[in-house]
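Below you'll find the structure, written out as structure tokens, and then a few comments.
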Amino acid sequence: MKIKLLTGAIAAIAITATSALSDITVVNPQKPGGGTTVWTEIIMKELEKHLGERIVIRNIPGARDIPGINKFHNDLRFDENTIVVTHGGNGVSFLQEEVDYNYAEYDSIGLMNLNIIAGKRIGDDMSAPRFPAGSGMVPEAFAMTLMLCGPDKSMDEYIACFKENVTWVKGMSGGERRLAFKRGDLNGTRENPATYQKHVESDENAELWFHHGLLDPTTGNHVDDTNYPAGYQVEDLFEAKWGVRPSGEFYDAYKLVKSFRDGLQKAIWVNKGNPELRDRLVAAMNKMANDPESMAIIEDKNGKYEWFIGERGDKMRDTLMTFITEDALRNLVKFNKEALGLNSVLKENLFP
Amino acid sequence: MEVILQLIDGNSQYFLVLMLGVFYGFFVGLIPVAGATTGLIAVYSFVSYFHDPYMLVVFTTAVVVTSSIGDTFCGVVMNVPGAGGAAATMVDGFPMSRRGEAARALSAAISTSWVNGLIWGLLVFLFLPYYTKIVLYFGTAEMFSFLIFAMTCVIFISSEYWVRGIFALVAGVVLGLVGMDPDTAAQRWITVIPNFDFDTWRVYFTDWEYIEDGIQMIPVMAGVLAFPELVTAYRMKSEKITLTKKDIRGQLWQGVKDTWKYKWDGLRGGFIGGFVGLVPGIGGNIADWFAYSQTVALSRKKSKGDEDNHNGEGYPVGQGNVQGVIGCEGANNAQKATSYVPTILFGIPGAPFEVIVMGLLMYVGLELGSPAVLADGIFFDHLLSSYLWSLIIILPISYGFIRYAVYITNIPFKFYFWPIVASLIWTTSQYTGLFDDYLMFAMCCVFGLAMKYFKFSRISFLIGFILSHRLEASWVQFNTFGYGWEDLLLDPFPATLIMLAIVAAIWGIFFNKAKIDFV
């Protein structure tokens, strides 16, 4: 009898707890412990304070963090209380993989426009970089090729130049690549600002190599990141070495892929046609962004980067979409396949 | 001194959190196949209650330490691994339990795990900065040769059916490679769902998205290793074993004496576990099997009348010998302790549970591997003190619990077969909570039963499965960095490991008489 009562009590508590926690669900495409998971937990904890409602994080992990967002797109987004978090890797996958999700079908709640920073071993010959491979490193592969090979080359020449000069080391997890960089097996690596500070800036044998700059959604140009010394943006380093600003079809493909990765580095979306939830969340995001205490907590953990909330986030997404041209996509896929050995696909449905 | 003062100063919050962590970790350890990782994932649901970040350090450390002790009970009493890292204990622990020596097995396991936890914990936390060079030394060639050595030992030394063991290993590697190809980022071997086209009367296959990120560890561990053991135990004829309190006390003391008697087995296991934890990426789950294989190799085959055994019968390692329990338990806590080294020094997780620890601590503002944390004396004080206090507190708790655990062995297995199966299913469903989790578990169960029936070593399979990605990545990097066979054969450390692997294979095939028939 006691056992039955106890079981009943536990079940009742569980049901009550579950129903109390079912206000807003945010789909996170990663396992616990992942970078985006931690980001989501930090942001949602602060957002809850300003929203006055509970937010439940639902982790739906899977390969390259795609299945969770696909599930949101195909199914969960039609639930009136469900939103999703995406990261930069999802932006790259959107361009070059057969994914179901489509940013054009969502409204932005808020996004963080981040920069990705590359470090190098002090004193190493960076005309022969040894760099960790991966679909998330595609913008760095483009950047290295640009800086190494110079202006006015055909796609085939850039591809040949990359293969000749860059050792593209495959199969490394984040932890392995950090150790390999510390050990000197790799002489270049890249991180987001927070992990750059932790793993590269703190390493006495490493220094800043280059970064991609920050996208200004109004002009569509990348501007220098004031968190770092001037002159380390890829465009600036290119000009310093080759005497001209980078341009041309290879540069357009680089700009496309870096913008989708860094411009959508961390983003929160709701399905279009759900204005009530969108307005509630956007209002809470604005309150959060104006609360010095919340922002201090967020910036302490994620770095000081600008938030694009509501319509400004939509504007960022719309600007990114203008970078998608048939040539830029074709060249991106060609480089991925022939230089990096990736299994990228040309998504003709993305052509304007 | 500061450590002691933390408690006697009356820091009640510290003590409360520590005790909660100790009991929670011990409880999690008792859940079949769950272990520290699953337990720590659940902490996310209440992490926001930790307003003091150092209290979370205390709590997580207590969970890690005590879950390692708790999971021993699953192996010995229930014949299922408590967690991946404590699976080998059941090979000898459960047969001992069946013949009324559960208290002895548990006592030996806990004391060995405890001693190694203490030794390696002190070695880790007192000399942390000095390990930097060791962790950094371990490059591509060293990793590759170590993997070869570890796999060779597990296949050739510890299994009687080594030819089938090789097939099982290959099957494990193949299944482990399902999912994303690191070379091309393309999906590999996921087109497995059969469909039938009624128009053309043709069968065709579509992708199973669920396995795009690879087949997960927990259903494999639960289905391939744990479930067939549960079924075996269920079908065993139950014998009523009546133990008096005096008997149990006698066994507890006997277990402590066994720990001393087989101290070199325990310490060797600790050394292996300590080494595996120190090197990120090897996979902590192999530590206890690797240690166990060494114990098997070095054990003498016991003959009838051997005085080592409780009731005068002779039982070789693999059939309920306490030496087998001690050999693998040494690796258990040692691996947990040393996996803190790369995690704290570099912010690079030394084991899967450390990923969760890092994420939790980052949530409260402690970023492991960052200069701020490395210079944070309060962090280290809390880490060391909670580690030591957890060890001290869990010892009487676990010894006290042995008495009750032993009574479980008196209950016919059929009464707790279903609750254990339910807990396996629950643990498996923590990945996505979707139908696919249950399907995968069911498939793994069928596969595990078939392997056991046809005597294909499930241990070799699991080792292949666990190491598959590491093996592939090492091979790719080995080639990309331009290493050659000369680097394996001429560099001292890789060359030593390759030589040891060759010796282990030859000895395992032709000379080793102490192989086990656990399949």
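Starting from 1 in every chain, residues are counted up; chains themselves are A, B, ... following the order of the structure tokens, and ligands are numbered from 1 as listed.
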If we count only C-alpha atoms, which residues of chain A reach to within 9 Å of chain B? Please list them as a PyMOL selection string.
-> chain A and resi 31-35+37-39+41-42+45+59-65+67+130+133-135+167-176+178-180+182-183+185+195+197-199+202+297+300-301+337+340-344
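Neighbours of Tyr204 in chain B closer than or equal to 10 Å, with only C-alpha atoms counted and sequence neighbours fewer than 2 positions away skipped, come out as Thr191, Val192, Ile193, Pro194, Asn195, Phe196, Asp197, Trp201, Arg202 and Thr206 of chain B.
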Would you mind listing what lies within 10 Å of Gln13 in chain B as a PyMOL selection string, with only C-alpha atoms counted and same-chain residues fewer than 4 positions away left out?
-> chain B and resi 7+17-19+52+55
Hey, what's within 12 Å of Val503 in chain B if we count only C-alpha atoms and toss same-chain stuff fewer than 4 positions away? As a VMD selection string, please?
-> chain B and resid 149 152 to 153 156 to 157 496 to 499 507 to 512
Quick one: write out the picked residues with C-alpha atoms as a compact mmCIF listing (two decimals), in the first residue's frame?
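Okay, again.txt is ready:
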```txt
# COMPACT_ATOMS: atom_id res chain seq x y z
CA PHE B 149 48.17 -2.35 -28.45
CA THR B 152 45.40 -6.61 -29.43
CA CYS B 153 45.37 -7.22 -25.70
CA PHE B 156 44.13 -12.12 -28.01
CA ILE B 157 44.71 -12.21 -24.30
CA THR B 496 57.54 -0.08 -27.72
CA LEU B 497 53.76 -0.27 -27.97
CA ILE B 498 53.86 -1.97 -31.37
CA MET B 499 56.37 -4.51 -30.07
CA TRP B 507 51.56 -14.97 -26.44
CA GLY B 508 47.80 -14.74 -26.49
CA ILE B 509 47.47 -17.22 -29.36
CA PHE B 510 50.12 -19.78 -28.46
CA PHE B 511 51.05 -19.56 -24.80
CA ASN B 512 48.36 -17.96 -22.69
```
Who sits within 6 Å of range 203-217 of chain A, only C-alpha atoms, same chain under 6 positions skipped, as a list in words =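 My list of contacting residues is Asn115, Ile116, Ile117, Ala118, Gly119, Lys120, Arg121, Ile122, Val223, Asp224, Asp225, Tyr232, Gln233, Val234, Met316 and Thr319 of chain A.
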For those residues, write N, CA and C atoms to a file as a PDB file, in the first residue's frame.
```pdb
ATOM      1  N   ASN A 115      32.143  36.972 -34.839  1.00  0.00           N
ATOM      2  CA  ASN A 115      33.308  36.888 -35.701  1.00  0.00           C
ATOM      3  C   ASN A 115      34.056  35.613 -35.326  1.00  0.00           C
ATOM      4  N   ILE A 116      34.739  35.028 -36.273  1.00  0.00           N
ATOM      5  CA  ILE A 116      35.560  33.851 -35.977  1.00  0.00           C
ATOM      6  C   ILE A 116      37.021  34.241 -36.170  1.00  0.00           C
ATOM      7  N   ILE A 117      37.836  33.831 -35.204  1.00  0.00           N
ATOM      8  CA  ILE A 117      39.211  34.323 -35.144  1.00  0.00           C
ATOM      9  C   ILE A 117      40.190  33.174 -35.395  1.00  0.00           C
ATOM     10  N   ALA A 118      41.170  33.415 -36.275  1.00  0.00           N
ATOM     11  CA  ALA A 118      42.188  32.385 -36.533  1.00  0.00           C
ATOM     12  C   ALA A 118      43.483  32.770 -35.840  1.00  0.00           C
ATOM     13  N   GLY A 119      44.093  31.764 -35.218  1.00  0.00           N
ATOM     14  CA  GLY A 119      45.379  31.983 -34.569  1.00  0.00           C
ATOM     15  C   GLY A 119      46.455  31.167 -35.249  1.00  0.00           C
ATOM     16  N   LYS A 120      47.705  31.547 -35.018  1.00  0.00           N
ATOM     17  CA  LYS A 120      48.810  30.772 -35.607  1.00  0.00           C
ATOM     18  C   LYS A 120      49.937  30.620 -34.594  1.00  0.00           C
ATOM     19  N   ARG A 121      50.780  29.650 -34.852  1.00  0.00           N
ATOM     20  CA  ARG A 121      51.942  29.454 -33.994  1.00  0.00           C
ATOM     21  C   ARG A 121      52.969  30.534 -34.310  1.00  0.00           C
ATOM     22  N   ILE A 122      53.504  31.139 -33.280  1.00  0.00           N
ATOM     23  CA  ILE A 122      54.494  32.204 -33.488  1.00  0.00           C
ATOM     24  C   ILE A 122      55.725  31.608 -34.168  1.00  0.00           C
ATOM     25  N   VAL A 223      32.979  44.809 -41.569  1.00  0.00           N
ATOM     26  CA  VAL A 223      33.784  45.879 -40.967  1.00  0.00           C
ATOM     27  C   VAL A 223      34.712  45.274 -39.920  1.00  0.00           C
ATOM     28  N   ASP A 224      35.724  46.056 -39.554  1.00  0.00           N
ATOM     29  CA  ASP A 224      36.741  45.544 -38.628  1.00  0.00           C
ATOM     30  C   ASP A 224      36.127  45.276 -37.245  1.00  0.00           C
ATOM     31  N   ASP A 225      36.620  44.262 -36.591  1.00  0.00           N
ATOM     32  CA  ASP A 225      36.155  43.906 -35.247  1.00  0.00           C
ATOM     33  C   ASP A 225      37.043  44.639 -34.246  1.00  0.00           C
ATOM     34  N   TYR A 232      43.787  43.095 -39.058  1.00  0.00           N
ATOM     35  CA  TYR A 232      43.845  41.627 -39.115  1.00  0.00           C
ATOM     36  C   TYR A 232      42.649  41.002 -39.836  1.00  0.00           C
ATOM     37  N   GLN A 233      41.760  41.846 -40.342  1.00  0.00           N
ATOM     38  CA  GLN A 233      40.659  41.293 -41.131  1.00  0.00           C
ATOM     39  C   GLN A 233      41.226  40.766 -42.446  1.00  0.00           C
ATOM     40  N   VAL A 234      40.659  39.702 -42.966  1.00  0.00           N
ATOM     41  CA  VAL A 234      41.215  39.051 -44.157  1.00  0.00           C
ATOM     42  C   VAL A 234      41.399  40.063 -45.286  1.00  0.00           C
ATOM     43  N   MET A 316      19.072  41.236 -41.202  1.00  0.00           N
ATOM     44  CA  MET A 316      20.340  40.505 -41.359  1.00  0.00           C
ATOM     45  C   MET A 316      20.133  39.279 -42.252  1.00  0.00           C
ATOM     46  N   THR A 319      19.680  40.343 -45.811  1.00  0.00           N
ATOM     47  CA  THR A 319      20.957  40.759 -46.426  1.00  0.00           C
ATOM     48  C   THR A 319      21.769  39.532 -46.822  1.00  0.00           C
TER      49      THR A 319
END
```
